[in-house]
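So this block is query10.cif, mmCIF, C-alpha atoms:
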```cif
data_run
#
loop_
_atom_site.label_atom_id
_atom_site.label_comp_id
_atom_site.auth_asym_id
_atom_site.auth_seq_id
_atom_site.Cartn_x
_atom_site.Cartn_y
_atom_site.Cartn_z
CA MET A 1 0.00 0.00 0.00
CA THR A 2 1.39 3.34 -1.00
CA THR A 3 1.07 6.11 1.50
CA ARG A 4 1.82 9.79 1.16
CA LEU A 5 5.39 10.92 0.77
CA ILE A 6 7.11 11.98 3.96
CA SER A 7 7.48 15.49 2.51
CA ASP A 8 3.82 15.81 1.40
CA LEU A 9 2.44 17.55 4.48
CA GLY A 10 -0.40 19.62 3.00
CA GLY A 11 -3.48 19.38 5.21
CA LEU A 12 -1.87 17.45 8.06
CA PRO A 13 -2.02 18.89 11.59
CA ALA A 14 1.30 20.61 12.18
CA GLY A 15 0.82 23.27 14.83
CA SER A 16 2.06 26.78 14.33
CA ILE A 17 4.77 27.72 11.87
CA ASP A 18 8.12 28.92 13.21
CA ARG A 19 8.70 32.07 11.16
CA SER A 20 11.90 33.14 12.90
CA GLU A 21 14.81 33.83 10.55
CA HIS A 22 18.51 33.27 10.99
CA GLU A 23 21.63 33.98 8.97
CA PRO A 24 22.96 30.76 7.46
CA THR A 25 25.68 29.29 9.65
CA MET A 26 29.10 28.51 8.18
CA THR A 27 28.22 24.81 8.22
CA GLU A 28 24.99 25.48 6.31
CA ARG A 29 26.87 27.60 3.77
CA ARG A 30 29.42 24.83 3.26
CA ILE A 31 26.71 22.22 2.75
CA ASP A 32 24.98 24.48 0.25
CA ALA A 33 28.24 25.09 -1.63
CA MET A 34 29.05 21.38 -1.73
CA MET A 35 25.62 20.55 -3.12
CA ILE A 36 25.98 23.20 -5.83
CA LEU A 37 29.46 21.97 -6.80
CA LEU A 38 28.31 18.36 -7.05
CA ARG A 39 25.31 19.25 -9.22
CA ALA A 40 26.88 21.90 -11.46
CA LYS A 41 28.93 21.32 -14.59
CA PRO A 42 31.35 19.76 -15.18
CA ARG A 43 30.39 17.16 -12.55
CA SER A 44 26.59 17.15 -13.02
CA PHE A 45 26.34 14.13 -10.74
CA TRP A 46 22.58 14.51 -10.24
CA VAL A 47 19.61 16.84 -10.72
CA SER A 48 17.36 18.42 -8.10
CA ASP A 49 14.63 15.82 -8.69
CA GLU A 50 17.02 13.06 -7.63
CA ASN A 51 17.93 15.07 -4.58
CA ARG A 52 14.26 15.42 -3.64
CA ARG A 53 13.61 11.71 -4.22
CA THR A 54 16.51 10.82 -1.95
CA ILE A 55 15.36 13.15 0.82
CA GLU A 56 11.82 11.76 0.61
CA SER A 57 13.27 8.26 0.92
CA LEU A 58 15.06 8.93 4.20
CA GLU A 59 14.04 6.72 7.09
CA PRO A 60 10.98 8.53 8.53
CA THR A 61 12.32 9.17 12.04
CA THR A 62 15.62 10.41 10.62
CA TYR A 63 13.71 12.72 8.27
CA ALA A 64 11.55 14.09 11.09
CA GLU A 65 14.48 14.71 13.42
CA SER A 66 16.86 16.21 10.87
CA ALA A 67 17.21 19.88 10.08
CA TYR A 68 16.88 21.09 6.51
CA TYR A 69 20.59 21.03 5.70
CA GLU A 70 21.15 17.81 7.64
CA ARG A 71 18.76 16.19 5.17
CA TRP A 72 20.88 17.62 2.36
CA VAL A 73 23.99 15.99 3.82
CA LEU A 74 22.24 12.64 4.14
CA ALA A 75 20.96 12.94 0.57
CA MET A 76 24.43 13.82 -0.73
CA LYS A 77 25.94 10.83 1.02
CA SER A 78 23.25 8.52 -0.30
CA LEU A 79 23.53 9.79 -3.90
CA LEU A 80 27.35 9.69 -3.88
CA LEU A 81 27.17 6.02 -2.83
CA GLU A 82 24.27 5.20 -5.18
CA LYS A 83 26.14 6.59 -8.16
CA GLY A 84 29.41 4.91 -7.22
CA ILE A 85 31.26 8.23 -6.89
CA LEU A 86 32.36 7.26 -3.39
CA THR A 87 32.46 3.89 -1.68
CA GLU A 88 31.44 3.13 1.92
CA ALA A 89 35.09 2.29 2.64
CA GLU A 90 36.28 5.68 1.34
CA LEU A 91 33.67 7.48 3.42
CA ASP A 92 34.54 5.51 6.58
CA GLU A 93 38.22 6.19 6.03
CA LYS A 94 37.67 9.93 5.66
CA VAL A 95 35.40 10.08 8.70
CA SER A 96 37.97 8.33 10.89
CA GLU A 97 40.71 10.58 9.53
CA VAL A 98 38.71 13.70 10.45
CA ARG A 99 37.83 12.22 13.87
CA SER A 100 41.47 11.49 14.68
CA ARG A 101 42.45 14.99 13.53
CA LYS A 102 39.89 16.47 15.93
CA GLN A 103 41.15 14.18 18.65
CA LEU A 104 44.71 15.38 18.07
CA ALA A 105 43.59 18.99 18.15
CA LYS A 106 42.21 18.48 21.67
CA ILE A 107 45.56 17.34 23.07
CA MET B 1 4.43 18.85 -27.58
CA THR B 2 0.75 19.58 -28.13
CA ASN B 3 -1.09 20.53 -25.00
CA LEU B 4 -4.19 18.53 -24.20
CA PHE B 5 -5.79 21.35 -22.18
CA ASN B 6 -6.40 25.07 -22.70
CA ILE B 7 -7.04 27.96 -20.33
CA GLY B 8 -10.52 27.68 -18.84
CA ASP B 9 -10.76 23.91 -19.21
CA LEU B 10 -12.19 22.03 -16.27
CA VAL B 11 -10.01 19.16 -15.10
CA ARG B 12 -9.91 16.50 -12.43
CA VAL B 13 -6.68 15.53 -10.69
CA GLY B 14 -5.97 11.81 -10.66
CA ASP B 15 -6.50 10.14 -7.30
CA ALA B 16 -3.97 7.38 -7.91
CA LEU B 17 -1.43 6.37 -5.26
CA PRO B 18 1.60 5.38 -7.33
CA PRO B 19 4.91 4.73 -5.58
CA GLY B 20 7.95 6.86 -6.30
CA HIS B 21 8.73 10.56 -6.51
CA ILE B 22 5.37 12.28 -7.04
CA ARG B 23 4.88 16.03 -7.38
CA THR B 24 1.08 16.11 -7.15
CA PRO B 25 0.18 16.86 -3.52
CA MET B 26 -2.05 14.35 -1.78
CA PHE B 27 -4.61 16.98 -0.73
CA LEU B 28 -5.42 17.81 -4.37
CA ARG B 29 -5.78 14.27 -5.68
CA GLY B 30 -9.27 13.66 -6.94
CA CYS B 31 -10.13 17.40 -6.85
CA ASN B 32 -11.73 19.36 -9.69
CA GLY B 33 -10.08 22.57 -10.87
CA THR B 34 -9.69 24.98 -13.78
CA ILE B 35 -6.66 25.40 -16.02
CA ILE B 36 -5.44 29.01 -15.73
CA LYS B 37 -2.01 28.79 -17.36
CA HIS B 38 0.04 26.52 -19.60
CA PHE B 39 3.71 26.83 -18.63
CA GLY B 40 5.02 24.72 -21.52
CA SER B 41 6.42 21.21 -21.56
CA PHE B 42 9.23 19.91 -19.37
CA PRO B 43 11.11 16.67 -18.73
CA ASN B 44 9.03 14.47 -16.43
CA PRO B 45 10.29 15.00 -12.84
CA GLU B 46 8.87 11.65 -11.76
CA ARG B 47 11.44 10.03 -14.11
CA LEU B 48 14.24 12.58 -13.64
CA ALA B 49 14.16 11.67 -9.96
CA TYR B 50 15.59 8.24 -10.81
CA GLY B 51 18.40 9.39 -13.07
CA LEU B 52 16.39 8.96 -16.30
CA ASN B 53 16.22 11.70 -18.93
CA GLY B 54 12.54 12.46 -18.29
CA LEU B 55 11.60 12.28 -21.96
CA PRO B 56 9.16 12.66 -23.57
CA LYS B 57 8.51 16.08 -22.06
CA ILE B 58 5.09 16.58 -20.51
CA ASN B 59 2.91 19.68 -20.26
CA LEU B 60 2.74 21.59 -17.01
CA TYR B 61 -0.28 23.70 -16.07
CA GLN B 62 -1.29 26.04 -13.31
CA VAL B 63 -4.59 24.80 -11.97
CA LEU B 64 -7.00 26.82 -9.81
CA PHE B 65 -8.97 25.07 -7.08
CA LYS B 66 -11.65 26.34 -4.73
CA MET B 67 -10.48 25.91 -1.14
CA ASP B 68 -13.80 24.17 -0.42
CA GLU B 69 -12.91 21.61 -3.06
CA ALA B 70 -9.41 21.07 -1.72
CA TRP B 71 -10.27 20.94 1.98
CA ASP B 72 -13.86 19.76 1.92
CA GLY B 73 -15.03 22.54 4.24
CA LYS B 74 -12.47 21.64 6.93
CA GLY B 75 -9.99 24.41 7.39
CA ASP B 76 -9.30 28.03 8.15
CA TYR B 77 -10.23 29.97 5.02
CA ALA B 78 -12.81 32.46 3.83
CA ASP B 79 -15.67 31.83 1.41
CA GLY B 80 -14.42 32.13 -2.15
CA ASP B 81 -10.76 31.56 -1.29
CA THR B 82 -8.84 29.66 -3.93
CA ILE B 83 -5.49 27.94 -4.23
CA THR B 84 -3.37 27.23 -7.30
CA ALA B 85 -0.99 24.37 -7.93
CA ASP B 86 1.32 23.42 -10.78
CA ILE B 87 0.26 20.02 -12.07
CA TYR B 88 1.62 17.91 -14.90
CA GLU B 89 -0.68 16.77 -17.69
CA THR B 90 -0.23 13.09 -16.85
CA TRP B 91 -2.12 13.79 -13.62
CA LEU B 92 -5.10 15.54 -15.23
CA GLU B 93 -8.22 14.38 -16.99
CA ALA B 94 -10.97 16.41 -18.67
CA ILE B 95 -14.34 16.71 -16.91
#
```
Rewrite the structure from the file as structure tokens, please.
Amino acid sequence: MTTRLISDLGGLPAGSIDRSEHEPTMTERRIDAMMILLRAKPRSFWVSDENRRTIESLEPTTYAESAYYERWVLAMKSLLLEKGILTEAELDEKVSEVRSRKQLAKI
Amino acid sequence: MTNLFNIGDLVRVGDALPPGHIRTPMFLRGCNGTIIKHFGSFPNPERLAYGLNGLPKINLYQVLFKMDEAWDGKGDYADGDTITADIYETWLEAI
């Protein structure tokens, strides 16, 4: 049985809308830049529709608990793996490298 | 490509529940509306979403709905309020 997409909220009870604004944080700017670079020529790894499909396909609790740009990061990771641009092993390796760098910085 | 509908035509939105990346919002499925604009034809986003080329292109329209039609009287809106949505031709049928 097909149900509505996780992003298709029209008409569902949702409480009041948070209309507060904030300047994009540096992390948000970086995520935005990375997404643009991956999608733009000459890479053209995917189009916005694929990005939307991937975000809609996130595990529902993850989707609900993630901020807007966190969903972008998860979508980027998923699409990079799906398209074979990165492998799980490469990602794991980079993550541990960054973690150990942070660990060193604390000493 | 030739457009199936013209401005002023009455249409009904499909009430299908297909899987996949769908752009037609659930709250408008099965609703009757009026074509108010033809934007042109575009690659099909429901296919682009899966890395396909989205061809053949399909027509995209702006469709006007009465809020009563969309929300069935349940909601916070005034008499005569309307809402528009951009809907692809594959989701529309003539009434």
Can you pull out every residue within 12 Å of Ile95 in chain B, counting only C-alpha atoms, but drop anything in the same chain fewer than 2 positions away, and send it as a VMD selection string? chain B and resid 5 8 to 14 30 to 35 92 to 93
Mind listing as a ChimeraX atom specification which residues of chain A are within 8 Å of chain B, counting all atoms listed in the file? /A:2-5,8,10-11,46-53,56
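Atom pair CA of Leu74 in chain A / CA of Leu55 in chain B: separated by 28.2 Å.
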Step by step, gather every atom of range 61-79 of chain B that the file lists, find the box along x, y and z that holds them, add 3 Å on each side, and finally give centre and edge lengths in Å to one decimal, as JSON.
```
{"center_x": -8.0, "center_y": 26.1, "center_z": -4.0, "size_x": 21.4, "size_y": 18.7, "size_z": 30.2}
```
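If all atoms listed in the file are the atoms counted, then among A:Ser20, A:Arg39, A:Ser96, A:Arg101 the closest residue to Leu80 in chain A is A:Arg39.
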What's the separation between CA of Thr82 in chain B and CA of Gln62 in chain B, in Å to one decimal place? 12.6 Å
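From CA of Met76 in chain A back to CA of Pro24 in chain A, the distance works out to 18.9 Å.
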Would you pick out the contacts of Asp81 in chain B at 8 Å or less, using all atoms listed in the file, so that residues sharing its chain but fewer than 2 positions from it are not included, and give the list as an NGL selection string? :B and (66-67 or 77-79 or 83)
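The nearest approach to Ile58 in chain B among the residues B:Gly80, B:Ile7, B:Tyr88, B:Gly73, with all atoms listed in the file taken into account, belongs to B:Tyr88.
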Given the file shown, determine the residues that the PyMOL selection byres ((chain B and resi 38) around 10) selects; report them as a tab-separated table (two decimals) with C-alpha atoms, keeping the file's coordinate frame.
```
chain	number	residue	atom	x	y	z
B	3	ASN	CA	-1.09	20.53	-25.00
B	5	PHE	CA	-5.79	21.35	-22.18
B	6	ASN	CA	-6.40	25.07	-22.70
B	7	ILE	CA	-7.04	27.96	-20.33
B	35	ILE	CA	-6.66	25.40	-16.02
B	36	ILE	CA	-5.44	29.01	-15.73
B	37	LYS	CA	-2.01	28.79	-17.36
B	39	PHE	CA	3.71	26.83	-18.63
B	40	GLY	CA	5.02	24.72	-21.52
B	41	SER	CA	6.42	21.21	-21.56
B	59	ASN	CA	2.91	19.68	-20.26
B	60	LEU	CA	2.74	21.59	-17.01
B	61	TYR	CA	-0.28	23.70	-16.07
B	62	GLN	CA	-1.29	26.04	-13.31
B	63	VAL	CA	-4.59	24.80	-11.97
B	86	ASP	CA	1.32	23.42	-10.78
B	87	ILE	CA	0.26	20.02	-12.07
B	88	TYR	CA	1.62	17.91	-14.90
B	89	GLU	CA	-0.68	16.77	-17.69
```
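The smallest atom-to-atom distance between Tyr69 in chain A and any of A:Arg99, A:Arg29, A:Arg19, A:Lys41, using all atoms listed in the file, is found for A:Arg29.
For Asp32 in chain A, the non-local neighbours within 12 Å, defined as residues at least 3 positions apart in the same chain or in other chains and counting only C-alpha atoms, are Pro24, Thr25, Met26, Thr27, Glu28, Arg29, Met35, Ile36, Leu37, Leu38, Arg39, Tyr68, Tyr69, Glu70, Arg71, Trp72, Val73 and Met76 of chain A.
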Put those residues in a file: C-alpha atoms, as an mmCIF file, keeping the file's coordinate frame.
```cif
data_model
loop_
_atom_site.group_PDB
_atom_site.id
_atom_site.type_symbol
_atom_site.label_atom_id
_atom_site.label_comp_id
_atom_site.auth_asym_id
_atom_site.auth_seq_id
_atom_site.Cartn_x
_atom_site.Cartn_y
_atom_site.Cartn_z
ATOM 1 C CA PRO A 24 22.960 30.760 7.460
ATOM 2 C CA THR A 25 25.680 29.290 9.650
ATOM 3 C CA MET A 26 29.100 28.510 8.180
ATOM 4 C CA THR A 27 28.220 24.810 8.220
ATOM 5 C CA GLU A 28 24.990 25.480 6.310
ATOM 6 C CA ARG A 29 26.870 27.600 3.770
ATOM 7 C CA MET A 35 25.620 20.550 -3.120
ATOM 8 C CA ILE A 36 25.980 23.200 -5.830
ATOM 9 C CA LEU A 37 29.460 21.970 -6.800
ATOM 10 C CA LEU A 38 28.310 18.360 -7.050
ATOM 11 C CA ARG A 39 25.310 19.250 -9.220
ATOM 12 C CA TYR A 68 16.880 21.090 6.510
ATOM 13 C CA TYR A 69 20.590 21.030 5.700
ATOM 14 C CA GLU A 70 21.150 17.810 7.640
ATOM 15 C CA ARG A 71 18.760 16.190 5.170
ATOM 16 C CA TRP A 72 20.880 17.620 2.360
ATOM 17 C CA VAL A 73 23.990 15.990 3.820
ATOM 18 C CA MET A 76 24.430 13.820 -0.730
#
```
